$ cat data.pdb   # PDB, C-alpha atoms
ATOM      1  CA  MET A 277      86.538  -2.579  87.702
ATOM      2  CA  PRO A 278      85.672  -1.979  84.011
ATOM      3  CA  SER A 279      87.130  -4.500  81.585
ATOM      4  CA  LEU A 280      89.923  -3.094  79.417
ATOM      5  CA  LEU A 281      89.357  -5.775  76.795
ATOM      6  CA  ARG A 282      85.643  -4.973  76.646
ATOM      7  CA  ARG A 283      86.563  -1.327  76.049
ATOM      8  CA  VAL A 284      88.915  -2.308  73.218
ATOM      9  CA  LYS A 285      86.339  -4.603  71.619
ATOM     10  CA  SER A 286      83.660  -1.923  71.844
ATOM     11  CA  LYS A 287      85.897   0.523  69.986
ATOM     12  CA  MET A 288      86.667  -2.119  67.365
ATOM     13  CA  PHE A 289      83.024  -2.840  66.640
ATOM     14  CA  ILE A 290      81.913   0.803  66.824
ATOM     15  CA  PHE A 291      84.580   2.268  64.543
ATOM     16  CA  ALA A 292      85.146  -0.653  62.167
ATOM     17  CA  HIS A 293      82.792  -2.100  59.589
ATOM     18  CA  ARG A 294      82.349  -5.874  59.423
ATOM     19  CA  ARG A 295      84.365  -5.929  56.195
ATOM     20  CA  THR A 296      87.246  -4.108  57.929
ATOM     21  CA  LEU A 297      87.300  -6.671  60.738
ATOM     22  CA  THR A 298      87.262  -9.497  58.171
ATOM     23  CA  LEU A 299      90.210  -7.921  56.359
ATOM     24  CA  LEU A 300      92.016  -7.447  59.665
ATOM     25  CA  ASP A 301      91.477 -11.124  60.491
ATOM     26  CA  GLY A 302      92.847 -12.041  57.074
ATOM     27  CA  GLU A 303      95.953  -9.899  57.483
ATOM     28  CA  TYR A 304      96.644 -11.448  60.879
ATOM     29  CA  GLY A 305      96.196 -14.982  59.509
ATOM     30  CA  SER A 306      98.591 -14.272  56.622
ATOM     31  CA  VAL A 307     101.446 -13.666  59.073
ATOM     32  CA  PHE A 308     101.643 -17.389  59.771
ATOM     33  CA  LYS A 309     101.077 -18.732  56.248
ATOM     34  CA  GLY A 310     104.001 -20.895  55.244
ATOM     35  CA  ARG A 311     105.303 -20.841  58.830
ATOM     36  CA  SER A 312     103.375 -23.714  60.370
ATOM     37  CA  LEU A 313     106.449 -25.825  61.175
ATOM     38  CA  ASP A 314     108.619 -25.492  64.264
ATOM     39  CA  PHE A 315     112.079 -26.922  64.936
ATOM     40  CA  ASP A 316     112.035 -30.117  67.002
ATOM     41  CA  GLU A 317     115.466 -31.791  66.974
ATOM     42  CA  LEU A 318     118.562 -32.742  64.947
ATOM     43  CA  ARG A 319     118.954 -36.255  63.546
ATOM     44  CA  SER A 320     121.276 -38.073  61.155
ATOM     45  CA  TYR A 321     120.748 -37.530  57.450
ATOM     46  CA  VAL A 322     119.110 -40.404  55.532
ATOM     47  CA  PRO A 323     118.630 -40.695  51.769
ATOM     48  CA  GLY A 324     115.518 -38.819  50.697
ATOM     49  CA  ASP A 325     115.920 -35.959  53.207
ATOM     50  CA  GLU A 326     115.821 -32.444  51.796
ATOM     51  CA  VAL A 327     119.298 -30.965  51.371
ATOM     52  CA  ARG A 328     117.947 -27.596  52.535
ATOM     53  CA  ASP A 329     117.162 -29.183  55.932
ATOM     54  CA  ILE A 330     120.825 -29.964  56.614
ATOM     55  CA  ASP A 331     122.238 -27.977  59.521
ATOM     56  CA  TRP A 332     125.706 -27.248  58.180
ATOM     57  CA  LYS A 333     127.126 -25.827  61.412
ATOM     58  CA  ALA A 334     125.978 -28.834  63.432
ATOM     59  CA  THR A 335     127.230 -31.141  60.656
ATOM     60  CA  ALA A 336     130.696 -29.562  60.827
ATOM     61  CA  ARG A 337     130.849 -30.059  64.596
ATOM     62  CA  HIS A 338     129.477 -33.617  64.477
ATOM     63  CA  GLY A 339     131.488 -34.866  61.517
ATOM     64  CA  SER A 340     128.524 -36.382  59.651
ATOM     65  CA  PRO A 341     125.407 -34.843  58.063
ATOM     66  CA  LEU A 342     122.654 -33.780  60.462
ATOM     67  CA  VAL A 343     119.232 -32.518  59.412
ATOM     68  CA  LYS A 344     116.722 -30.406  61.261
ATOM     69  CA  ARG A 345     113.493 -32.186  62.126
ATOM     70  CA  TYR A 346     110.315 -30.112  62.284
ATOM     71  CA  VAL A 347     106.882 -30.653  63.772
ATOM     72  CA  ALA A 348     103.608 -29.064  62.721
ATOM     73  CA  VAL A 349     102.457 -26.103  64.796
ATOM     74  CA  ARG A 350      98.723 -25.579  64.997
ATOM     75  CA  ARG A 351      98.678 -23.085  67.859
ATOM     76  CA  HIS A 352     100.973 -20.096  67.520
ATOM     77  CA  SER A 353     102.372 -17.839  70.213
ATOM     78  CA  VAL A 354     102.234 -14.051  70.041
ATOM     79  CA  LEU A 355     104.443 -11.964  72.305
ATOM     80  CA  LEU A 356     103.436  -8.376  73.056
ATOM     81  CA  LEU A 357     106.741  -6.669  73.853
ATOM     82  CA  VAL A 358     105.686  -3.383  75.440
ATOM     83  CA  ASP A 359     107.655  -0.379  76.644
ATOM     84  CA  THR A 360     106.233   0.433  80.091
ATOM     85  CA  GLY A 361     108.902   2.922  81.115
ATOM     86  CA  ARG A 362     107.851   6.427  82.168
ATOM     87  CA  ASN A 363     108.296   7.754  78.617
ATOM     88  CA  MET A 364     105.032   5.963  77.853
ATOM     89  CA  ALA A 365     103.243   8.049  80.498
ATOM     90  CA  ALA A 366     103.716  11.118  78.310
ATOM     91  CA  HIS A 367     101.239  12.583  75.853
ATOM     92  CA  ALA A 368     101.119  11.255  72.317
ATOM     93  CA  ALA A 369     100.851  13.450  69.216
ATOM     94  CA  SER A 370      97.047  13.466  69.622
ATOM     95  CA  GLY A 371      97.267  14.798  73.178
ATOM     96  CA  GLU A 372      96.065  11.466  74.579
ATOM     97  CA  SER A 373      98.176   9.374  76.932
ATOM     98  CA  LYS A 374     100.596   7.006  75.205
ATOM     99  CA  LYS A 375      99.573   4.468  77.834
ATOM    100  CA  GLU A 376      95.980   4.473  76.593
ATOM    101  CA  ILE A 377      97.142   3.982  72.996
ATOM    102  CA  ALA A 378      99.462   1.145  74.056
ATOM    103  CA  VAL A 379      96.659  -0.633  75.930
ATOM    104  CA  ASP A 380      94.307  -0.305  72.947
ATOM    105  CA  ALA A 381      96.928  -1.548  70.475
ATOM    106  CA  ALA A 382      97.861  -4.486  72.711
ATOM    107  CA  GLY A 383      94.164  -5.259  73.105
ATOM    108  CA  VAL A 384      93.488  -5.274  69.346
ATOM    109  CA  LEU A 385      96.494  -7.489  68.595
ATOM    110  CA  GLY A 386      95.738  -9.816  71.500
ATOM    111  CA  TYR A 387      92.072 -10.090  70.560
ATOM    112  CA  LEU A 388      92.990 -11.001  66.965
ATOM    113  CA  ALA A 389      95.252 -13.737  68.320
ATOM    114  CA  CYS A 390      92.462 -15.044  70.571
ATOM    115  CA  ARG A 391      90.035 -15.114  67.638
ATOM    116  CA  HIS A 392      92.506 -17.340  65.777
ATOM    117  CA  GLY A 393      93.026 -19.669  68.738
ATOM    118  CA  ASP A 394      96.588 -18.466  69.373
ATOM    119  CA  ASP A 395      98.319 -17.868  72.693
ATOM    120  CA  VAL A 396      99.367 -14.394  73.825
ATOM    121  CA  GLY A 397     102.195 -13.467  76.179
ATOM    122  CA  LEU A 398     103.636 -10.207  77.483
ATOM    123  CA  LEU A 399     107.158  -8.930  78.039
ATOM    124  CA  HIS A 400     107.289  -5.387  79.369
ATOM    125  CA  GLY A 401     109.506  -3.126  81.396
ATOM    126  CA  SER A 402     111.842  -0.171  81.632
ATOM    127  CA  ALA A 403     115.558   0.574  81.889
ATOM    128  CA  VAL A 404     115.811  -1.207  85.244
ATOM    129  CA  THR A 405     113.426  -4.150  85.080
ATOM    130  CA  SER A 406     111.700  -6.569  82.700
ATOM    131  CA  ARG A 407     108.671  -8.717  83.505
ATOM    132  CA  TYR A 408     107.521 -11.714  81.466
ATOM    133  CA  LEU A 409     104.120 -13.406  81.430
ATOM    134  CA  PRO A 410     104.204 -16.571  79.265
ATOM    135  CA  PRO A 411     101.750 -17.040  76.380
ATOM    136  CA  GLN A 412      98.367 -18.519  77.212
ATOM    137  CA  GLY A 413      95.025 -18.639  75.475
ATOM    138  CA  GLY A 414      91.722 -17.003  76.339
ATOM    139  CA  GLU A 415      90.279 -13.559  76.902
ATOM    140  CA  GLU A 416      90.636 -13.759  80.691
ATOM    141  CA  HIS A 417      94.399 -14.094  80.287
ATOM    142  CA  LEU A 418      94.458 -11.240  77.760
ATOM    143  CA  GLU A 419      92.586  -9.004  80.224
ATOM    144  CA  ARG A 420      95.301  -9.734  82.787
ATOM    145  CA  LEU A 421      97.990  -8.708  80.289
ATOM    146  CA  LEU A 422      96.233  -5.425  79.517
ATOM    147  CA  ARG A 423      95.930  -4.700  83.242
ATOM    148  CA  GLU A 424      99.643  -5.385  83.576
ATOM    149  CA  VAL A 425     100.481  -2.868  80.846
ATOM    150  CA  GLU A 426      98.182  -0.215  82.304
ATOM    151  CA  ALA A 427      99.548  -0.627  85.826
ATOM    152  CA  GLY A 428     103.162  -0.736  84.639
ATOM    153  CA  ILE A 429     103.208   2.768  83.130
ATOM    154  CA  SER A 430     103.468   5.792  85.419
ATOM    155  CA  LEU A 431     105.210   9.162  85.594
ATOM    156  CA  GLY A 432     107.011   7.989  88.726
ATOM    157  CA  GLY A 433     108.437   4.887  87.075
ATOM    158  CA  PRO A 434     111.944   4.311  85.649
ATOM    159  CA  VAL A 435     112.841   5.707  82.230
ATOM    160  CA  SER A 436     112.175   3.652  79.088
ATOM    161  CA  ALA A 437     114.895   1.519  77.469
ATOM    162  CA  ILE A 438     113.401  -0.944  74.984
ATOM    163  CA  THR A 439     116.837  -2.509  74.427
ATOM    164  CA  GLU A 440     116.528  -4.111  77.867
ATOM    165  CA  GLN A 441     113.375  -5.968  76.842
ATOM    166  CA  LEU A 442     114.911  -6.976  73.483
ATOM    167  CA  ASP A 443     117.935  -8.351  75.336
ATOM    168  CA  TYR A 444     115.684 -10.243  77.772
ATOM    169  CA  ALA A 445     113.782 -11.843  74.890
ATOM    170  CA  LEU A 446     117.023 -13.025  73.290
ATOM    171  CA  ARG A 447     118.456 -14.450  76.495
ATOM    172  CA  PHE A 448     115.437 -16.168  77.984
ATOM    173  CA  LEU A 449     112.661 -16.859  75.442
ATOM    174  CA  LYS A 450     112.688 -20.096  73.452
ATOM    175  CA  GLY A 451     110.576 -21.279  70.533
ATOM    176  CA  ARG A 452     109.468 -19.263  67.523
ATOM    177  CA  LEU A 453     107.219 -16.314  68.317
ATOM    178  CA  LEU A 454     105.402 -13.514  66.577
ATOM    179  CA  VAL A 455     106.893 -10.562  68.461
ATOM    180  CA  VAL A 456     104.983  -7.276  68.224
ATOM    181  CA  VAL A 457     106.822  -4.365  69.836
ATOM    182  CA  LEU A 458     104.811  -1.392  71.144
ATOM    183  CA  ALA A 459     107.221   1.379  72.002
ATOM    184  CA  ASP A 460     107.990   5.040  72.377
ATOM    185  CA  GLU A 461     109.882   6.875  69.653
ATOM    186  CA  PHE A 462     113.625   6.234  69.884
ATOM    187  CA  LYS A 463     116.865   7.128  68.149
ATOM    188  CA  PRO A 464     118.357   4.020  66.460
ATOM    189  CA  ASP A 465     121.807   2.969  67.642
ATOM    190  CA  HIS A 466     124.252   0.109  67.125
ATOM    191  CA  ARG A 467     123.086  -1.919  70.132
ATOM    192  CA  THR A 468     119.434  -1.779  69.121
ATOM    193  CA  GLU A 469     120.345  -2.830  65.577
ATOM    194  CA  THR A 470     122.447  -5.766  66.808
ATOM    195  CA  LEU A 471     119.702  -6.991  69.136
ATOM    196  CA  LEU A 472     117.003  -6.695  66.469
ATOM    197  CA  ARG A 473     119.064  -8.533  63.848
ATOM    198  CA  ARG A 474     119.460 -11.438  66.257
ATOM    199  CA  LEU A 475     115.805 -11.323  67.322
ATOM    200  CA  ARG A 476     114.575 -11.285  63.729
ATOM    201  CA  ALA A 477     116.692 -14.358  62.942
ATOM    202  CA  ARG A 478     114.698 -16.299  65.545
ATOM    203  CA  HIS A 479     111.233 -14.768  65.402
ATOM    204  CA  GLU A 480     108.766 -12.814  63.295
ATOM    205  CA  VAL A 481     109.130  -9.188  64.437
ATOM    206  CA  LEU A 482     106.756  -6.251  63.908
ATOM    207  CA  TRP A 483     107.079  -2.782  65.439
ATOM    208  CA  LEU A 484     104.424  -0.200  66.337
ATOM    209  CA  THR A 485     105.802   3.229  67.283
ATOM    210  CA  ILE A 486     103.628   5.536  69.402
ATOM    211  CA  LEU A 487     104.456   9.070  68.316
ATOM    212  CA  ASP A 488     105.519  11.814  70.715
ATOM    213  CA  ALA A 489     103.605  15.015  71.326
ATOM    214  CA  GLU A 490     105.204  18.073  69.764
ATOM    215  CA  LEU A 491     107.200  20.108  72.284
ATOM    216  CA  ALA A 492     107.489  23.079  69.926
ATOM    217  CA  LYS A 493     104.515  23.136  67.582
ATOM    218  CA  GLU A 494     104.865  24.480  64.043
ATOM    219  CA  ASP A 495     101.349  25.956  64.207
ATOM    220  CA  PRO A 496     101.485  29.063  66.455
ATOM    221  CA  SER A 497      97.732  28.861  67.154
ATOM    222  CA  ALA A 498      98.295  25.455  68.816
ATOM    223  CA  LEU A 499     100.750  26.862  71.377
ATOM    224  CA  THR A 500      99.861  27.211  75.068
ATOM    225  CA  HIS A 501     101.288  29.465  77.772
ATOM    226  CA  GLU A 502     102.550  26.442  79.722
ATOM    227  CA  ALA A 503     106.081  25.079  79.452
ATOM    228  CA  SER A 504     106.478  21.730  77.694
ATOM    229  CA  PHE A 505     108.736  19.088  79.210
ATOM    230  CA  ASP A 506     110.264  15.775  78.246
ATOM    231  CA  VAL A 507     108.973  13.032  80.575
ATOM    232  CA  GLY A 508     112.079  10.936  79.917
ATOM    233  CA  ASN A 509     114.749  13.408  80.977
ATOM    234  CA  GLY A 510     112.734  16.173  82.653
ATOM    235  CA  GLN A 511     114.008  18.920  80.344
ATOM    236  CA  ARG A 512     111.603  21.822  79.879
ATOM    237  CA  ILE A 513     110.967  24.158  76.969
ATOM    238  CA  PRO A 514     109.555  27.489  78.217
ATOM    239  CA  ALA A 515     106.429  28.572  76.329
ATOM    240  CA  PRO A 516     108.048  31.769  74.914
ATOM    241  CA  LEU A 517     110.947  29.719  73.537
ATOM    242  CA  ALA A 518     108.621  27.090  72.077
ATOM    243  CA  GLY A 519     106.735  29.931  70.382
ATOM    244  CA  ASN A 520     109.825  31.254  68.658
ATOM    245  CA  SER A 521     109.543  30.682  64.889
ATOM    246  CA  VAL A 522     113.235  29.765  64.537
ATOM    247  CA  VAL A 523     112.980  27.205  67.373
ATOM    248  CA  ARG A 524     109.785  25.748  65.909
ATOM    249  CA  ALA A 525     111.352  25.357  62.460
ATOM    250  CA  ALA A 526     114.527  23.772  63.852
ATOM    251  CA  TYR A 527     112.482  21.411  66.011
ATOM    252  CA  ALA A 528     110.283  20.365  63.068
ATOM    253  CA  THR A 529     113.387  19.680  60.940
ATOM    254  CA  ALA A 530     114.972  17.597  63.711
ATOM    255  CA  MET A 531     111.787  15.547  64.185
ATOM    256  CA  ARG A 532     111.479  14.847  60.456
ATOM    257  CA  LYS A 533     115.116  13.754  60.350
ATOM    258  CA  ARG A 534     114.596  11.430  63.332
ATOM    259  CA  ALA A 535     111.527   9.879  61.683
ATOM    260  CA  GLU A 536     113.425   9.345  58.416
ATOM    261  CA  GLU A 537     116.338   7.728  60.260
ATOM    262  CA  ARG A 538     113.980   5.415  62.134
ATOM    263  CA  SER A 539     112.148   4.381  58.943
ATOM    264  CA  ALA A 540     115.454   3.705  57.163
ATOM    265  CA  PHE A 541     116.623   1.705  60.193
ATOM    266  CA  PHE A 542     113.638  -0.663  60.057
ATOM    267  CA  ARG A 543     113.800  -0.989  56.261
ATOM    268  CA  ARG A 544     117.451  -1.977  56.546
ATOM    269  CA  LEU A 545     116.547  -4.675  59.058
ATOM    270  CA  GLY A 546     113.568  -5.897  57.023
ATOM    271  CA  ILE A 547     111.163  -5.251  59.914
ATOM    272  CA  ALA A 548     107.692  -3.832  59.294
ATOM    273  CA  GLU A 549     107.133  -0.647  61.302
ATOM    274  CA  GLN A 550     104.060   1.530  61.603
ATOM    275  CA  THR A 551     103.357   4.670  63.609
ATOM    276  CA  VAL A 552     100.254   5.557  65.592
ATOM    277  CA  SER A 553      99.391   8.813  67.324
ATOM    278  CA  ALA A 554      95.826   8.386  68.633
ATOM    279  CA  THR A 555      93.483   5.718  69.977
ATOM    280  CA  GLY A 556      91.226   6.355  66.995
ATOM    281  CA  ASP A 557      94.069   5.386  64.663
ATOM    282  CA  VAL A 558      94.915   2.062  66.344
ATOM    283  CA  LEU A 559      92.800  -0.150  64.066
ATOM    284  CA  PRO A 560      94.092   1.273  60.756
ATOM    285  CA  ALA A 561      97.636   1.293  62.159
ATOM    286  CA  VAL A 562      97.461  -2.402  63.105
ATOM    287  CA  PHE A 563      95.992  -3.227  59.693
ATOM    288  CA  ALA A 564      98.775  -1.280  57.932
ATOM    289  CA  LEU A 565     101.428  -2.960  60.095
ATOM    290  CA  LEU A 566     100.214  -6.476  59.274
ATOM    291  CA  GLU A 567      99.909  -5.567  55.592
ATOM    292  CA  LYS A 568     103.462  -4.178  55.529
ATOM    293  CA  HIS A 569     104.754  -7.360  57.139
ATOM    294  CA  ARG A 570     102.950  -9.549  54.604
ATOM    295  CA  SER A 571     104.203  -7.452  51.682
ATOM    296  CA  GLY A 572     107.741  -7.476  53.059
ATOM    297  CA  SER A 573     107.695 -11.256  53.468
ATOM    298  CA  LYS A 574     106.532 -11.683  49.863
ATOM    299  CA  SER A 575     109.298  -9.374  48.624
ATOM    300  CA  ALA A 576     111.915 -11.300  50.586
ATOM    301  CA  LYS A 577     110.718 -14.617  49.142
ATOM    302  CA  SER A 578     110.752 -13.202  45.610
ATOM    303  CA  GLY A 579     114.276 -11.921  46.148
ATOM    304  CA  ASN A 580     115.421 -15.299  47.445
ATOM    305  CA  ARG A 581     113.969 -17.072  44.393
ATOM    306  CA  ALA A 582     115.577 -14.552  42.046
ATOM    307  CA  GLY A 583     118.938 -15.011  43.742
TER
END
$ encode --input "data.pdb" --output "structure tokens"
Amino acid sequence: MPSLLRRVKSKMFIFAHRRTLTLLDGEYGSVFKGRSLDFDELRSYVPGDEVRDIDWKATARHGSPLVKRYVAVRRHSVLLLVDTGRNMAAHAASGESKKEIAVDAAGVLGYLACRHGDDVGLLHGSAVTSRYLPPQGGEEHLERLLREVEAGISLGGPVSAITEQLDYALRFLKGRLLVVVLADEFKPDHRTETLLRRLRARHEVLWLTILDAELAKEDPSALTHEASFDVGNGQRIPAPLAGNSVVRAAYATAMRKRAEERSAFFRRLGIAEQTVSATGDVLPAVFALLEKHRSGSKSAKSGNRAG
């Protein structure tokens, strides 16, 4: 059976110059700068402790000052949180399978983590189930994770519902993680926002959205005589209807509005989000995602100092 990780690495080294890979390594490493301490325990305050380390909620419950004690973290944990519902078995904007793009993106991110000596885990699933594989190191383990993602996505599987995996992460996963979500396009709602606010308070969160194929293309020359259908709900758009100029214009407007709402949603939460529509765009998309996260973290720190 051909190695999925070998395929990912081959694409990386064929399509990326050495300088690009060096920059990508640097962007990945910058995610953890200034975050090399992890919470260990609470203990009584003693003179000389930093006031900022006082846990005020715990102090109020205990009746005397308690401070958070931290330990140095040399090996970080990356969690690939992947939508493997049937929505991900659909075509992406490029016409390729979203599954193939998801595997490539997970492979690039996991390989970067391996190069830096970090552990990689996987949480994936659909509306009815979630499966968790704890972080471990090494390329053999990463290959297993990629196989898990590939096998988990099929047209016959349950529908996607990324909120189920976000909820699972909040309820069961301990310790600070770098969580990278690879998911289908979705319409933001109150539950997703609540879950992400809580998740971001505990972990570093980045989001990579794999764009849908167009069901009613704006370019008439790109239309086919076959009906398009939504893998998630099974609804079909007959080819003559999809070719109607009014339908195409309305569809394009609705898609732009959805994209704007999603971008505003992630900006409001302070979470870096990037879109990808083809396997050939995975490397630049990952680079842009890491760069957005670094820039956002710098902006947040500057704002905190100004305040």
$ resolve_selection --input "data.pdb" --expression "the PyMOL selection byres ((chain A and resi 410) around 9)" --output "PyMOL selection string"
chain A and resi 355+395-399+408-409+411-412
$ closest_atom_pairs --input "data.pdb" --of "range 331-432 of chain A" --to "range 547-558 of chain A" --cutoff "12 Å" --atoms "only C-alpha atoms" --output "CSV"
residue,atom,partner,partner_atom,distance
A:His367,CA,A:Ser553,CA,9.5
A:Ala368,CA,A:Ser553,CA,5.8
A:Ala369,CA,A:Ser553,CA,5.2
A:Ser370,CA,A:Ala554,CA,5.3
A:Gly371,CA,A:Ala554,CA,8.0
A:Glu372,CA,A:Ala554,CA,6.7
A:Ser373,CA,A:Ala554,CA,8.7
A:Lys374,CA,A:Ser553,CA,8.2
A:Lys375,CA,A:Thr555,CA,10.0
A:Glu376,CA,A:Thr555,CA,7.2
A:Ile377,CA,A:Thr555,CA,5.1
A:Ala378,CA,A:Thr555,CA,8.6
A:Val379,CA,A:Thr555,CA,9.3
A:Asp380,CA,A:Thr555,CA,6.8
A:Ala381,CA,A:Val558,CA,5.8
A:Ala382,CA,A:Val558,CA,9.6
A:Gly383,CA,A:Val558,CA,10.0
A:Val384,CA,A:Val558,CA,8.1
A:Leu385,CA,A:Val558,CA,9.9
$ residues_around --input "data.pdb" --residues "Ala477 in chain A" --least-positions-apart "3" --cutoff "12 Å" --atoms "all atoms listed in the file" --output "PyMOL selection string"
chain A and resi 446+451-455+470-474+480-481+545-547
$ atom_distance --input "data.pdb" --atom1 "CA of Tyr387 in chain A" --atom2 "CA of Ser571 in chain A"
22.6 Å
$ closest_residue --input "data.pdb" --among "A:Val457, A:Leu418, A:Ala403, A:Met364" --to "Val562 in chain A" --atoms "all atoms listed in the file"
A:Val457
$ residues_around --input "data.pdb" --residues "Ser320 in chain A" --least-positions-apart "2" --cutoff "8 Å" --atoms "all atoms listed in the file" --output "list in words"
Leu318, Val322, Ser340, Pro341, Leu342 and Val343 of chain A
$ residues_around --input "data.pdb" --residues "Arg534 in chain A" --least-positions-apart "5" --cutoff "9 Å" --atoms "all atoms listed in the file" --output "PDB file with C-alpha atoms, in the frame of the given file"
ATOM      1  CA  PHE A 462     113.625   6.234  69.884  1.00  0.00           C
ATOM      2  CA  LYS A 463     116.865   7.128  68.149  1.00  0.00           C
ATOM      3  CA  PRO A 464     118.357   4.020  66.460  1.00  0.00           C
ATOM      4  CA  THR A 529     113.387  19.680  60.940  1.00  0.00           C
ATOM      5  CA  SER A 539     112.148   4.381  58.943  1.00  0.00           C
TER       6      SER A 539
END
